[in-house]
Structures are given as structure tokens and as C-alpha cells.
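Okay, target_31.cif now, which holds mmCIF, C-alpha atoms:
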data_run
#
loop_
_atom_site.label_atom_id
_atom_site.label_comp_id
_atom_site.auth_asym_id
_atom_site.auth_seq_id
_atom_site.Cartn_x
_atom_site.Cartn_y
_atom_site.Cartn_z
CA MET A 1 -216.50 -15.26 116.55
CA MET A 2 -218.99 -16.49 113.97
CA ARG A 3 -220.77 -18.89 116.33
CA PRO A 4 -222.12 -16.38 118.93
CA LEU A 5 -222.87 -13.95 116.13
CA ALA A 6 -224.98 -16.49 114.26
CA LEU A 7 -226.78 -17.53 117.44
CA ALA A 8 -227.61 -13.90 118.02
CA VAL A 9 -228.93 -13.62 114.48
CA VAL A 10 -231.61 -16.25 115.05
CA GLY A 11 -232.46 -14.76 118.43
CA VAL A 12 -232.93 -11.36 116.84
CA ALA A 13 -234.97 -12.71 113.95
CA LEU A 14 -237.42 -14.43 116.29
CA GLY A 15 -237.27 -12.05 119.20
CA GLU A 16 -236.45 -8.53 118.04
CA ILE A 17 -239.08 -8.37 115.32
CA ALA A 18 -241.85 -10.15 117.19
CA LEU A 19 -241.42 -10.81 120.89
CA ARG A 20 -239.22 -7.87 121.81
CA VAL A 21 -241.26 -5.26 119.95
CA ALA A 22 -244.48 -6.73 121.31
CA ALA A 23 -243.20 -6.84 124.89
CA ALA A 24 -242.24 -3.18 124.79
CA ALA A 25 -245.56 -2.17 123.24
CA VAL A 26 -247.52 -3.60 126.15
CA VAL A 27 -250.05 -0.89 126.83
CA GLN A 28 -252.81 -1.59 124.33
CA ASN A 29 -255.76 0.78 123.95
CA LYS A 30 -258.78 -0.85 122.38
CA ALA A 31 -260.46 2.46 121.61
CA PRO A 32 -259.59 3.71 118.11
CA VAL A 33 -257.27 6.71 117.97
CA THR A 34 -257.79 9.36 115.31
CA HIS A 35 -254.52 10.77 113.96
CA THR A 36 -254.43 14.18 112.34
CA ALA A 37 -251.61 16.34 111.07
CA ALA A 38 -252.06 18.57 114.10
CA THR A 39 -251.81 15.58 116.43
CA GLN A 40 -248.66 14.37 114.68
CA GLU A 41 -247.03 17.78 114.88
CA ALA A 42 -247.93 18.11 118.55
CA THR A 43 -246.48 14.67 119.21
CA SER A 44 -243.22 15.55 117.50
CA ASN A 45 -242.88 18.91 119.26
CA GLU A 46 -243.78 17.95 122.81
CA PRO A 47 -240.73 17.92 125.13
CA MET A 48 -239.32 14.49 125.87
CA GLU A 49 -239.30 13.47 129.53
CA GLU A 50 -237.03 10.79 130.89
CA VAL A 51 -238.33 8.34 133.46
CA VAL A 52 -237.27 9.69 136.85
CA VAL A 53 -236.46 6.42 138.63
CA THR A 54 -232.71 6.32 139.18
CA GLY A 55 -230.43 4.77 141.76
CA GLU A 56 -230.90 1.40 143.45
CA HIS A 57 -234.32 -0.25 143.62
CA GLU A 58 -235.28 -3.75 144.67
CA GLY A 59 -238.09 -4.37 142.25
CA PRO A 60 -241.28 -6.24 143.17
CA ARG A 61 -241.38 -8.95 145.80
CA LEU A 62 -241.28 -12.52 144.61
CA TRP A 63 -244.24 -14.85 144.19
CA LYS A 64 -244.12 -18.06 146.23
CA VAL A 65 -245.66 -21.17 144.61
CA HIS A 66 -246.25 -24.54 146.28
CA LYS A 67 -248.73 -27.42 146.18
CA PRO A 68 -250.34 -29.00 149.26
CA GLY A 69 -249.47 -32.66 149.74
CA PRO A 70 -246.39 -34.84 150.22
CA MET A 71 -244.13 -32.21 148.64
CA GLY A 72 -245.79 -29.23 150.26
CA ASP A 73 -242.44 -27.98 151.49
CA HIS A 74 -241.15 -27.62 147.92
CA VAL A 75 -241.28 -23.97 146.84
CA LEU A 76 -240.99 -22.17 143.50
CA TRP A 77 -240.03 -18.49 143.73
CA ILE A 78 -240.94 -16.35 140.71
CA LEU A 79 -239.30 -13.00 139.98
CA GLY A 80 -241.43 -10.99 137.56
CA THR A 81 -239.64 -8.75 135.07
CA VAL A 82 -240.75 -6.03 132.68
CA THR A 83 -239.37 -4.31 129.61
CA PRO A 84 -238.50 -1.58 129.12
CA LEU A 85 -236.81 -0.52 132.37
CA PRO A 86 -235.08 2.70 133.46
CA LYS A 87 -231.66 2.70 131.80
CA LYS A 88 -230.02 4.40 134.80
CA MET A 89 -231.45 1.97 137.32
CA ILE A 90 -229.08 -0.09 139.45
CA TRP A 91 -230.94 -3.18 140.56
CA GLN A 92 -230.61 -4.07 144.27
CA SER A 93 -230.66 -7.87 144.43
CA ASP A 94 -230.66 -8.61 148.18
CA ALA A 95 -234.04 -10.38 148.15
CA VAL A 96 -233.04 -12.61 145.24
CA GLU A 97 -229.68 -13.42 146.83
CA ALA A 98 -231.48 -14.51 150.00
CA VAL A 99 -233.65 -16.90 147.96
CA LEU A 100 -230.63 -18.20 146.03
CA ARG A 101 -228.88 -19.14 149.27
CA GLN A 102 -231.63 -21.68 149.96
CA SER A 103 -232.31 -22.78 146.36
CA GLN A 104 -231.01 -25.75 144.41
CA GLU A 105 -231.86 -24.55 140.90
CA VAL A 106 -232.63 -21.49 138.76
CA VAL A 107 -234.84 -21.64 135.66
CA PRO A 108 -234.44 -18.76 133.15
CA GLY A 109 -237.55 -17.28 131.57
CA TRP A 110 -236.56 -18.06 127.98
CA PRO A 111 -234.51 -20.85 126.40
CA ALA A 112 -231.22 -20.43 124.59
CA PHE A 113 -231.38 -20.89 120.83
CA GLY A 114 -229.07 -23.42 119.20
CA ILE A 115 -228.39 -23.78 115.47
CA GLY A 116 -225.43 -26.15 115.41
CA SER A 117 -221.76 -25.47 114.67
CA ASN A 118 -221.38 -26.15 110.96
CA PRO A 119 -219.38 -23.13 109.69
CA PHE A 120 -221.10 -23.20 106.29
CA THR A 121 -224.51 -23.08 107.99
CA LEU A 122 -223.38 -20.19 110.18
CA LEU A 123 -222.17 -18.24 107.17
CA ARG A 124 -225.42 -18.89 105.29
CA VAL A 125 -227.40 -17.74 108.35
CA TRP A 126 -225.44 -14.51 108.52
CA ILE A 127 -225.84 -13.82 104.79
CA GLN A 128 -229.57 -14.58 104.93
CA TRP A 129 -229.95 -12.31 107.95
CA ARG A 130 -228.32 -9.44 106.12
CA ASN A 131 -230.46 -10.04 103.05
CA ILE A 132 -233.86 -9.94 104.77
CA GLN A 133 -233.41 -6.62 106.55
CA LYS A 134 -233.89 -4.32 103.57
CA ILE A 135 -236.98 -3.80 101.44
CA PRO A 136 -236.73 -5.71 98.13
CA ASP A 137 -236.06 -3.96 94.81
CA ARG A 138 -234.15 -1.09 96.50
CA MET A 139 -237.40 0.48 97.64
CA ASN A 140 -237.76 2.60 100.79
CA LEU A 141 -240.41 3.03 103.46
CA GLN A 142 -241.96 6.05 101.76
CA GLN A 143 -242.69 3.85 98.76
CA VAL A 144 -244.29 0.97 100.68
CA LEU A 145 -246.13 2.67 103.55
CA PRO A 146 -249.52 4.40 103.29
CA GLN A 147 -248.99 8.15 103.06
CA GLU A 148 -250.58 8.91 106.44
CA LEU A 149 -248.59 6.22 108.24
CA TYR A 150 -245.34 7.37 106.66
CA ALA A 151 -246.06 10.93 107.84
CA ARG A 152 -246.58 9.68 111.40
CA PHE A 153 -243.45 7.52 111.21
CA SER A 154 -241.41 10.46 109.88
CA ALA A 155 -242.61 12.70 112.72
CA LEU A 156 -241.40 10.14 115.26
CA GLN A 157 -238.13 9.70 113.40
CA ARG A 158 -237.50 13.45 113.47
CA ARG A 159 -238.14 13.44 117.20
CA TYR A 160 -236.30 10.33 118.31
CA ALA A 161 -233.83 9.39 115.55
CA PRO A 162 -233.09 12.47 113.42
CA LYS A 163 -229.60 11.25 112.47
CA ASP A 164 -230.54 7.67 111.59
CA THR A 165 -230.56 7.73 107.79
CA ARG A 166 -230.77 3.92 107.51
CA LEU A 167 -234.26 3.69 108.98
CA ASN A 168 -235.94 4.42 105.66
CA GLU A 169 -234.09 1.55 103.97
CA LEU A 170 -235.32 -1.13 106.40
CA ARG A 171 -238.31 -3.39 106.06
CA PRO A 172 -241.25 -2.13 108.17
CA GLY A 173 -240.75 -4.75 110.92
CA PHE A 174 -237.06 -3.97 111.31
CA ALA A 175 -237.71 -0.23 111.13
CA ALA A 176 -240.29 -0.61 113.92
CA GLU A 177 -237.76 -2.34 116.19
CA ARG A 178 -235.03 0.20 115.45
CA LEU A 179 -237.29 3.22 115.99
CA LEU A 180 -238.56 1.69 119.21
CA ASP A 181 -235.01 1.40 120.54
CA GLU A 182 -234.27 5.02 119.68
CA ALA A 183 -237.49 6.30 121.25
CA LEU A 184 -237.03 4.36 124.48
CA ASP A 185 -233.45 5.53 124.78
CA ALA A 186 -234.55 9.15 124.42
CA SER A 187 -237.20 8.56 127.11
CA GLY A 188 -234.80 7.17 129.69
CA LEU A 189 -235.81 3.56 129.06
CA THR A 190 -234.02 0.53 127.70
CA LEU A 191 -234.74 -3.02 126.60
CA HIS A 192 -231.22 -4.07 127.63
CA ASN A 193 -231.41 -3.78 131.44
CA GLU A 194 -231.19 -7.55 131.86
CA VAL A 195 -232.49 -8.47 135.30
CA GLN A 196 -232.37 -12.14 134.33
CA GLN A 197 -228.67 -11.92 133.48
CA THR A 198 -228.00 -10.54 136.97
CA VAL A 199 -229.92 -13.45 138.50
CA LEU A 200 -227.95 -16.01 136.46
CA LYS A 201 -224.61 -14.41 137.36
CA LEU A 202 -225.53 -14.50 141.05
CA ALA A 203 -226.60 -18.13 140.77
CA ARG A 204 -223.33 -19.18 139.12
CA LYS A 205 -221.34 -17.24 141.70
CA ASP A 206 -223.15 -19.10 144.50
CA GLY A 207 -222.83 -22.48 142.78
CA VAL A 208 -226.59 -22.83 142.17
CA LYS A 209 -227.49 -24.99 139.17
CA VAL A 210 -228.94 -23.11 136.19
CA HIS A 211 -231.45 -25.15 134.18
CA GLN A 212 -230.97 -23.54 130.76
CA ASP A 213 -233.03 -25.30 128.11
CA LYS A 214 -231.55 -25.10 124.64
CA LEU A 215 -234.10 -24.87 121.88
CA LYS A 216 -232.63 -26.40 118.72
CA VAL A 217 -233.60 -24.44 115.65
CA GLU A 218 -233.82 -26.92 112.82
CA HIS A 219 -233.00 -25.50 109.38
CA PRO A 220 -232.17 -21.98 110.64
CA VAL A 221 -231.62 -20.60 107.15
CA ASP A 222 -235.13 -21.67 106.21
CA VAL A 223 -236.48 -20.05 109.38
CA LEU A 224 -234.89 -16.76 108.35
CA LYS A 225 -236.26 -17.19 104.83
CA ASP A 226 -239.70 -17.60 106.39
CA VAL A 227 -239.19 -14.37 108.35
CA GLY A 228 -238.13 -12.72 105.09
CA LYS A 229 -241.36 -13.89 103.47
CA THR A 230 -243.52 -12.16 106.08
CA PRO A 231 -246.33 -10.49 104.10
CA LEU A 232 -245.70 -6.78 103.69
CA GLU A 233 -249.15 -5.92 105.01
CA GLY A 234 -248.31 -7.78 108.23
CA GLU A 235 -245.12 -5.83 108.72
CA VAL A 236 -246.93 -2.58 107.95
CA ALA A 237 -249.50 -3.45 110.62
CA CYS A 238 -246.63 -4.13 113.05
CA LEU A 239 -245.02 -0.77 112.28
CA GLU A 240 -248.37 0.99 112.65
CA ALA A 241 -248.90 -0.63 116.06
CA VAL A 242 -245.47 0.50 117.25
CA VAL A 243 -246.01 4.01 115.87
CA GLY A 244 -249.30 4.17 117.75
CA ARG A 245 -247.67 3.10 120.99
CA LEU A 246 -244.88 5.65 120.62
CA GLU A 247 -247.41 8.41 119.88
CA THR A 248 -249.59 7.69 122.92
CA ASP A 249 -247.99 5.26 125.36
CA ILE A 250 -244.47 6.42 126.23
CA GLY A 251 -245.96 7.78 129.47
CA PRO A 252 -247.60 4.47 130.46
CA MET A 253 -244.40 2.60 129.57
CA GLN A 254 -242.47 4.94 131.87
CA ALA A 255 -245.10 4.41 134.58
CA ARG A 256 -244.79 0.66 134.19
CA ALA A 257 -241.00 0.80 134.48
CA ARG A 258 -241.29 3.01 137.54
CA ALA A 259 -243.84 0.66 139.12
CA TRP A 260 -241.51 -2.32 138.66
CA ALA A 261 -238.55 -0.48 140.13
CA LEU A 262 -240.59 0.55 143.19
CA GLY A 263 -242.29 -2.81 143.67
CA ASP A 264 -245.77 -1.42 142.92
CA VAL A 265 -247.45 -4.57 141.57
CA ASP A 266 -250.96 -3.09 141.91
CA THR A 267 -250.03 -0.46 139.32
CA LEU A 268 -248.43 -3.12 137.11
CA ARG A 269 -251.69 -5.10 137.17
CA LYS A 270 -253.61 -2.03 136.04
CA LEU A 271 -251.18 -1.34 133.20
CA ILE A 272 -251.07 -4.89 131.86
CA HIS A 273 -253.36 -5.50 128.90
CA PRO A 274 -255.05 -8.93 128.91
CA ASP A 275 -254.09 -9.66 125.28
CA ASP A 276 -250.33 -9.87 124.77
CA ARG A 277 -250.55 -10.88 121.10
CA THR A 278 -249.77 -7.86 118.97
CA ALA A 279 -249.64 -7.15 115.29
CA CYS A 280 -245.89 -7.78 115.40
CA ILE A 281 -246.24 -11.32 116.72
CA GLU A 282 -249.00 -11.99 114.24
CA ALA A 283 -246.82 -10.73 111.40
CA VAL A 284 -243.83 -12.98 112.06
CA SER A 285 -246.06 -15.91 113.07
CA THR A 286 -247.36 -16.39 109.54
CA SER A 287 -244.60 -19.01 109.31
CA GLU A 288 -245.51 -22.39 110.79
CA ARG A 289 -241.86 -22.92 111.77
CA VAL A 290 -241.79 -19.64 113.71
CA ARG A 291 -245.13 -20.38 115.39
CA GLU A 292 -243.83 -23.74 116.54
CA LEU A 293 -240.63 -22.21 117.95
CA ILE A 294 -242.57 -19.60 119.93
CA ALA A 295 -245.00 -22.23 121.28
CA ARG A 296 -242.18 -24.62 122.19
CA ALA A 297 -240.27 -21.89 124.02
CA GLN A 298 -243.33 -20.99 126.10
CA GLU A 299 -244.26 -24.60 126.87
CA ASP A 300 -240.67 -25.61 127.71
CA TRP A 301 -240.57 -23.04 130.52
CA PHE A 302 -243.76 -24.39 132.09
CA VAL A 303 -242.48 -27.98 131.93
CA ALA A 304 -239.12 -26.94 133.39
CA VAL A 305 -240.54 -25.12 136.42
CA GLU A 306 -243.01 -27.88 137.28
CA SER A 307 -240.24 -30.46 137.06
CA ALA A 308 -237.91 -28.33 139.19
CA LEU A 309 -240.64 -27.76 141.77
CA ALA A 310 -241.11 -31.53 142.08
CA ARG A 311 -237.42 -32.34 142.65
CA ASN A 312 -236.15 -29.30 144.59
CA ARG A 313 -237.02 -27.86 147.97
CA SER A 314 -236.44 -24.39 146.54
CA THR A 315 -236.29 -23.18 142.94
CA LEU A 316 -236.02 -19.64 141.60
CA THR A 317 -237.34 -18.67 138.16
CA VAL A 318 -237.70 -15.49 136.15
CA GLN A 319 -240.68 -14.62 133.97
CA SER A 320 -242.20 -11.64 132.20
CA MET A 321 -244.98 -9.82 134.05
CA ASP A 322 -246.99 -9.90 130.82
CA ARG A 323 -247.08 -13.69 130.97
CA LEU A 324 -247.51 -13.88 134.76
CA LEU A 325 -250.47 -11.60 135.34
CA GLY A 326 -254.02 -11.58 134.01
CA ASP A 327 -256.87 -14.08 133.83
CA ASN A 328 -254.97 -16.27 131.37
CA GLY A 329 -251.50 -15.64 132.78
CA THR A 330 -249.04 -18.15 134.20
CA LEU A 331 -250.08 -17.52 137.80
CA ALA A 332 -253.73 -18.22 136.91
CA MET A 333 -252.68 -21.43 135.12
CA LEU A 334 -250.70 -22.58 138.15
CA ARG A 335 -253.71 -21.97 140.39
CA LYS A 336 -255.90 -24.05 138.07
CA ARG A 337 -253.38 -26.89 138.42
CA GLY A 338 -253.80 -26.88 142.19
CA TYR A 339 -250.83 -24.76 143.23
CA GLN A 340 -251.12 -22.23 146.04
CA ILE A 341 -249.61 -18.82 145.34
CA GLU A 342 -248.50 -16.17 147.78
CA GLY A 343 -247.17 -12.84 146.67
CA PRO A 344 -247.63 -9.14 146.10
#

Would you kindly transcribe this structure into C-alpha cells?
Amino acid sequence: MMRPLALAVVGVALGEIALRVAAAAVVQNKAPVTHTAATQEATSNEPMEEVVVTGEHEGPRLWKVHKPGPMGDHVLWILGTVTPLPKKMIWQSDAVEAVLRQSQEVVPGWPAFGIGSNPFTLLRVWIQWRNIQKIPDRMNLQQVLPQELYARFSALQRRYAPKDTRLNELRPGFAAERLLDEALDASGLTLHNEVQQTVLKLARKDGVKVHQDKLKVEHPVDVLKDVGKTPLEGEVACLEAVVGRLETDIGPMQARARAWALGDVDTLRKLIHPDDRTACIEAVSTSERVRELIARAQEDWFVAVESALARNRSTLTVQSMDRLLGDNGTLAMLRKRGYQIEGP
């Protein structure tokens, strides 16, 4: 039982605080927002609306990637995903199943993390993980946050997580992730509607090879120590960014989830911000080890899909819409490398 738990610990440390929070806070507004007590009170008192997309939906059509030349008949199919998604949505996978029937390989959008099997290392990872979650010296958020930010945070807590007494004990980065989960849940959204997991289950059922890279985390205890050493001002900036998104962007997040469920890629393009680096990624990336892990994970996917495209007639992969779209997105990079792309 300790092994999967410890693997999850490292995944959470690298993903939940940085990548997961950043992915959910996708709608960035470059214009400054002025927050007043009246605005905060209005935010906390406005009725919550759940996203209305329920039932079965196919999601957007797939992108088709190929390169003219001797292997012009080799095709890479890309399924774009978003987070959060409607928590009541049942994903209809007919289009993906049709592609799987003609594919030889599936490439997941993110590697699996590996930290080894030494039981002493696993125990140390778990202990370190527990230790870094709380603010040092038994302090609480009210003591470490600026007064105005704490007032805004408290208003959101009263609205979305009134019974969660532990929130105030957590470090700002962890509190941001926890509050985000609570707010999305109350808004009919979830970060746990795993489209990729459905794709992988279908592939294994059909006997299609899954190319799952395993990213070895060297010295995992030290990685967690680095996360624990994240400068407080960085975590405060992360929390402030998440608070700002929850105050103003629940509606756009719902619209984005609805657009994915209905296959409306034009709307998704309008809602995607060109800069996917947020204060949360910047905060956790103060560690060189963490920066290297994030960069390796992103580069490994690109290498894997190009390799699969070269050796297979048909390959299916999954990737975040944030990374796919935009002038510097994956699709633009593939075009620069000479690939032809057809899609929505």
C-alpha cells in the first residue's frame, strides 16, 4: 500500500501545487482588477450556478497530424482535453474507439512518476510530504497573508468551503489547491473527470500498446524538501492568483468546460490565454530540480509522439488544450517542423 501512496505524493507535490492549479486557472485577464470590500461581499453572496452540461457528450473532434513524404500515410491523432470538466458528464467515446481500432499505439499526455521501491525511501517521502503541508511555527494563513488578501480568501472560503477548518492551517500553495477543488465542486466542475484514463482503458481492452514513459524522480525526498522551501512570497502570489480566478473566472471556466463537452473548439480558442505560466508554476519552479522535472515531462511527450508517428501507421495521443492551441502551442510547433495538421 505504501508504494502507490508514495508515488501519488510526488505527483501531488509537482502537479497539484503547480501544474494542476495552473491548468484550472486558465483564463488570465491582463487588465488589473480592483478589489473592494463591496466587491468581495458581492462575490461571496452571489448565487452559485452549476455548469449545465450533463449527459453524454463526445467532446471535440480529433486533430490529424501527418508529414508529406515516404511516410505520408502515417497519422498521429490528437485528442485535446481540458480541466476542469463537468462532474456529471458521461463521455461518449465512439470517435476515439474508431481511431483505436486502426491504431498501433497510444501515447498519454503526461509521464508516470517513479521514485523506486526502497521502503525506507517511501516512508521518508511520506513523512516529508506531511511535514511540508503546514505553515512553519504553528502559524496560520491570517498571520502570513496580507490583510486584504486574507479577507478575499475568507470570503471565498465562506462561500465554497464553510466547513473546512483545516484550510487556515495549510501553506498558501496547498490552501490554494484545496480551495480550488472546493469551489469547482460547488460550481459543477471537477479536476478528476479523467478523459485520458478512459482512453487508456479502451486501448488496453482492445490490445493497443500504451507507450507510458516513466519519469524517474531522483532523490524524491530532496525534491519535496525543495517544494517545502518555496519562498513564502511565491506561494502568496500563487494563492492570490487562484483567489482572483475564483472571484472573476468561474463563469469562463464553466464556459470552457461546456465548449469542450460540445466540441466547440472555436470557443476554446477564444478562452485560451497565450501564456500558460502562472504564479503557481513560478512559485514551485524556484527549485532547479522541479524545473528540470517539468521540462523533461514536456519534452518527453514531444519525443514520444514523433517517434510513434515514424514507426506506426496510426497513433493516438492525448494532450491538454492549453498546450495544443496558441501561437506557441504544440500544434504550431508541429507545423513549424513540417507536419500537416487537419482538425477542428

>> Evaluate the PyMOL selection byres ((chain A and resi 231) around 12) against this structure - the residues, as a count of residues only, please.
In response: 23

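Atom CA of A:Pro136 is found 18.4 Å from atom CA of A:Arg178.
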
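Nearest residue to A:Ser154 among A:Ile132, A:Leu167, A:Ala297, A:Glu97 is A:Leu167, counting all atoms listed in the file.
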
Stretch 212-323 of chain A near stretch 61-73 of chain A within 12 Å: what's each residue's closest atom pair and its distance in Å to one decimal, counting all atoms listed in the file, ordered by chain then ascending residue number, as a Markdown table?
| residue | atom | partner | partner_atom | distance |
| --- | --- | --- | --- | --- |
| A:Ala259 | CA | A:Arg61 | CA | 12.0 |
| A:Trp260 | CA | A:Arg61 | CA | 9.7 |
| A:Ala261 | CA | A:Arg61 | CA | 10.6 |
| A:Leu262 | CA | A:Arg61 | CA | 9.9 |
| A:Gly263 | CA | A:Arg61 | CA | 6.6 |
| A:Asp264 | CA | A:Arg61 | CA | 9.2 |
| A:Val265 | CA | A:Arg61 | CA | 8.6 |
| A:Asp266 | CA | A:Arg61 | CA | 11.9 |
| A:Val305 | CA | A:Val65 | CA | 10.4 |
| A:Glu306 | CA | A:His66 | CA | 10.1 |
| A:Ala308 | CA | A:His66 | CA | 11.6 |
| A:Leu309 | CA | A:His66 | CA | 7.9 |
| A:Ala310 | CA | A:Met71 | CA | 7.3 |
| A:Arg311 | CA | A:Met71 | CA | 9.0 |
| A:Asn312 | CA | A:Met71 | CA | 9.4 |
| A:Arg313 | CA | A:Asp73 | CA | 6.5 |
| A:Ser314 | CA | A:Asp73 | CA | 8.6 |
| A:Thr315 | CA | A:Val65 | CA | 9.7 |
| A:Leu316 | CA | A:Leu62 | CA | 9.3 |
| A:Thr317 | CA | A:Leu62 | CA | 9.7 |
| A:Val318 | CA | A:Leu62 | CA | 9.7 |
| A:Gln319 | CA | A:Trp63 | CA | 10.8 |
| A:Met321 | CA | A:Trp63 | CA | 11.3 |

>> Between A:Ala203, A:Leu246, A:Leu325, A:Ala186, which residue has the minimum interatomic distance to A:Gln102, considering all atoms listed in the file?
In response: A:Ala203

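With all atoms listed in the file as the basis for measurement, A:Gln298 is the residue among A:Gln104, A:Gln298, A:Thr190, A:Asn168 that approaches A:Leu215 most closely.
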
Evaluate the PyMOL selection byres ((chain A and resi 143-149) around 9) against this structure - the residues, as a PDB file with C-alpha atoms, in the coordinates of the input, please.
ATOM      1  CA  HIS A  35    -254.520  10.770 113.960  1.00  0.00           C
ATOM      2  CA  THR A  36    -254.430  14.180 112.340  1.00  0.00           C
ATOM      3  CA  ALA A  37    -251.610  16.340 111.070  1.00  0.00           C
ATOM      4  CA  ILE A 135    -236.980  -3.800 101.440  1.00  0.00           C
ATOM      5  CA  MET A 139    -237.400   0.480  97.640  1.00  0.00           C
ATOM      6  CA  ASN A 140    -237.760   2.600 100.790  1.00  0.00           C
ATOM      7  CA  LEU A 141    -240.410   3.030 103.460  1.00  0.00           C
ATOM      8  CA  GLN A 142    -241.960   6.050 101.760  1.00  0.00           C
ATOM      9  CA  TYR A 150    -245.340   7.370 106.660  1.00  0.00           C
ATOM     10  CA  ALA A 151    -246.060  10.930 107.840  1.00  0.00           C
ATOM     11  CA  ARG A 152    -246.580   9.680 111.400  1.00  0.00           C
ATOM     12  CA  PHE A 153    -243.450   7.520 111.210  1.00  0.00           C
ATOM     13  CA  SER A 154    -241.410  10.460 109.880  1.00  0.00           C
ATOM     14  CA  PRO A 172    -241.250  -2.130 108.170  1.00  0.00           C
ATOM     15  CA  LEU A 232    -245.700  -6.780 103.690  1.00  0.00           C
ATOM     16  CA  VAL A 236    -246.930  -2.580 107.950  1.00  0.00           C
ATOM     17  CA  LEU A 239    -245.020  -0.770 112.280  1.00  0.00           C
ATOM     18  CA  GLU A 240    -248.370   0.990 112.650  1.00  0.00           C
ATOM     19  CA  VAL A 243    -246.010   4.010 115.870  1.00  0.00           C
TER      20      VAL A 243
END

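Atom CA of A:Gln197 is positioned 24.9 Å from atom CA of A:Leu271.
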
May I have the centre and edge lengths, in Å to one decimal, of an axis-aligned box around the listed atoms of stretch 123-135 of chain A with 5 Å added to every side, as AutoDock Vina command-line options?
--center_x -229.6 --center_y -11.3 --center_z 105.0 --size_x 24.8 --size_y 25.1 --size_z 17.1

> Using all atoms listed in the file, which residue out of A:Ser187, A:Arg158, A:Asp181, A:Arg130 lies closest to A:Ala257?
Replying inline: A:Ser187

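In terms of minimum interatomic distance to A:Gly251, A:Leu184 ranks closest within A:Leu179, A:Val99, A:Val107, A:Leu184, counting only C-alpha atoms.
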
>> Neighbouring residues of A:Val221 were defined as those with any atom within 7 Å, considering all atoms listed in the file; residues of the same chain fewer than 3 positions away were excluded. Please report them as JSON, numbers by chain.
In response: {"A": [124, 125, 128, 224, 225]}

>> Could you tell me, as a ChimeraX atom specification, exactly which residues end up selected when the PyMOL selection byres ((chain A and resi 207) around 12) is applied to this structure?
In response: /A:100-106,200-206,208-210

> Interatomic distance between atom CA of A:Trp110 and atom CA of A:Asp213?
Replying inline: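 For atom CA of A:Trp110 relative to atom CA of A:Asp213, the distance reads 8.1 Å.
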
> Which of these residues is nearest to A:Ala112, using only C-alpha atoms: A:Ser307, A:Ala95, A:Arg258, A:Lys214?
Replying inline: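 With only C-alpha atoms as the atom set, the closest residue is A:Lys214.
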
> Could you list as a PyMOL selection string every residue that has an atom within 10 Å of (-236.2, 6.7, 127.7), using the file's coordinates and counting all atoms listed in the file?
Replying inline: chain A and resi 48-52+84-88+181-191+250-251+253-254

>> Distance cut-off 9 Å, centre (-229.0, -23.3, 108.4) in file coordinates, counting only C-alpha atoms: which residues qualify? Return them as a list in words.
In response: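 The residues that fall inside the cut-off are Ile115, Gly116, Asn118, Phe120, Thr121, Leu122, Leu123, Arg124, Val125, Val217, Glu218, His219, Pro220, Val221, Asp222, Val223 and Leu224 of chain A.
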
Restrict the selected residues to C-alpha atoms and save them as an mmCIF file, keeping the file's coordinate frame.
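What ended up in result32.cif:
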data_model
loop_
_atom_site.group_PDB
_atom_site.id
_atom_site.type_symbol
_atom_site.label_atom_id
_atom_site.label_comp_id
_atom_site.auth_asym_id
_atom_site.auth_seq_id
_atom_site.Cartn_x
_atom_site.Cartn_y
_atom_site.Cartn_z
ATOM 1 C CA ILE A 115 -228.390 -23.780 115.470
ATOM 2 C CA GLY A 116 -225.430 -26.150 115.410
ATOM 3 C CA ASN A 118 -221.380 -26.150 110.960
ATOM 4 C CA PHE A 120 -221.100 -23.200 106.290
ATOM 5 C CA THR A 121 -224.510 -23.080 107.990
ATOM 6 C CA LEU A 122 -223.380 -20.190 110.180
ATOM 7 C CA LEU A 123 -222.170 -18.240 107.170
ATOM 8 C CA ARG A 124 -225.420 -18.890 105.290
ATOM 9 C CA VAL A 125 -227.400 -17.740 108.350
ATOM 10 C CA VAL A 217 -233.600 -24.440 115.650
ATOM 11 C CA GLU A 218 -233.820 -26.920 112.820
ATOM 12 C CA HIS A 219 -233.000 -25.500 109.380
ATOM 13 C CA PRO A 220 -232.170 -21.980 110.640
ATOM 14 C CA VAL A 221 -231.620 -20.600 107.150
ATOM 15 C CA ASP A 222 -235.130 -21.670 106.210
ATOM 16 C CA VAL A 223 -236.480 -20.050 109.380
ATOM 17 C CA LEU A 224 -234.890 -16.760 108.350
#

Where atoms are missing, can you supply N, CA and C atoms for stretch 327-340 of chain A and output the lot as a JSON list (two decimals), in the frame of the given file?
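Produced file out05.json, reproduced below:
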[["chain", "number", "residue", "atom", "x", "y", "z"],
["A", 327, "ASP", "N", -256.00, -12.90, 133.68],
["A", 327, "ASP", "CA", -256.87, -14.08, 133.83],
["A", 327, "ASP", "C", -256.32, -15.32, 133.15],
["A", 328, "ASN", "N", -255.54, -15.13, 132.09],
["A", 328, "ASN", "CA", -254.97, -16.27, 131.37],
["A", 328, "ASN", "C", -253.46, -16.35, 131.54],
["A", 329, "GLY", "N", -252.94, -15.66, 132.55],
["A", 329, "GLY", "CA", -251.50, -15.64, 132.78],
["A", 329, "GLY", "C", -251.01, -16.91, 133.47],
["A", 330, "THR", "N", -249.68, -16.98, 133.61],
["A", 330, "THR", "CA", -249.04, -18.15, 134.20],
["A", 330, "THR", "C", -249.50, -18.40, 135.63],
["A", 331, "LEU", "N", -249.65, -17.34, 136.42],
["A", 331, "LEU", "CA", -250.08, -17.52, 137.80],
["A", 331, "LEU", "C", -251.49, -18.12, 137.85],
["A", 332, "ALA", "N", -252.36, -17.66, 136.97],
["A", 332, "ALA", "CA", -253.73, -18.22, 136.91],
["A", 332, "ALA", "C", -253.69, -19.69, 136.49],
["A", 333, "MET", "N", -252.80, -20.04, 135.56],
["A", 333, "MET", "CA", -252.68, -21.43, 135.12],
["A", 333, "MET", "C", -252.16, -22.31, 136.25],
["A", 334, "LEU", "N", -251.22, -21.80, 137.02],
["A", 334, "LEU", "CA", -250.70, -22.58, 138.15],
["A", 334, "LEU", "C", -251.79, -22.81, 139.20],
["A", 335, "ARG", "N", -252.60, -21.80, 139.44],
["A", 335, "ARG", "CA", -253.71, -21.97, 140.39],
["A", 335, "ARG", "C", -254.68, -23.04, 139.92],
["A", 336, "LYS", "N", -254.98, -23.05, 138.62],
["A", 336, "LYS", "CA", -255.90, -24.05, 138.07],
["A", 336, "LYS", "C", -255.33, -25.46, 138.23],
["A", 337, "ARG", "N", -254.02, -25.59, 138.27],
["A", 337, "ARG", "CA", -253.38, -26.89, 138.42],
["A", 337, "ARG", "C", -253.21, -27.29, 139.89],
["A", 338, "GLY", "N", -253.79, -26.50, 140.77],
["A", 338, "GLY", "CA", -253.80, -26.88, 142.19],
["A", 338, "GLY", "C", -252.70, -26.27, 143.03],
["A", 339, "TYR", "N", -251.90, -25.38, 142.45],
["A", 339, "TYR", "CA", -250.83, -24.76, 143.23],
["A", 339, "TYR", "C", -251.38, -23.60, 144.05],
["A", 340, "GLN", "N", -250.79, -23.39, 145.21],
["A", 340, "GLN", "CA", -251.12, -22.23, 146.04],
["A", 340, "GLN", "C", -250.06, -21.16, 145.80]]
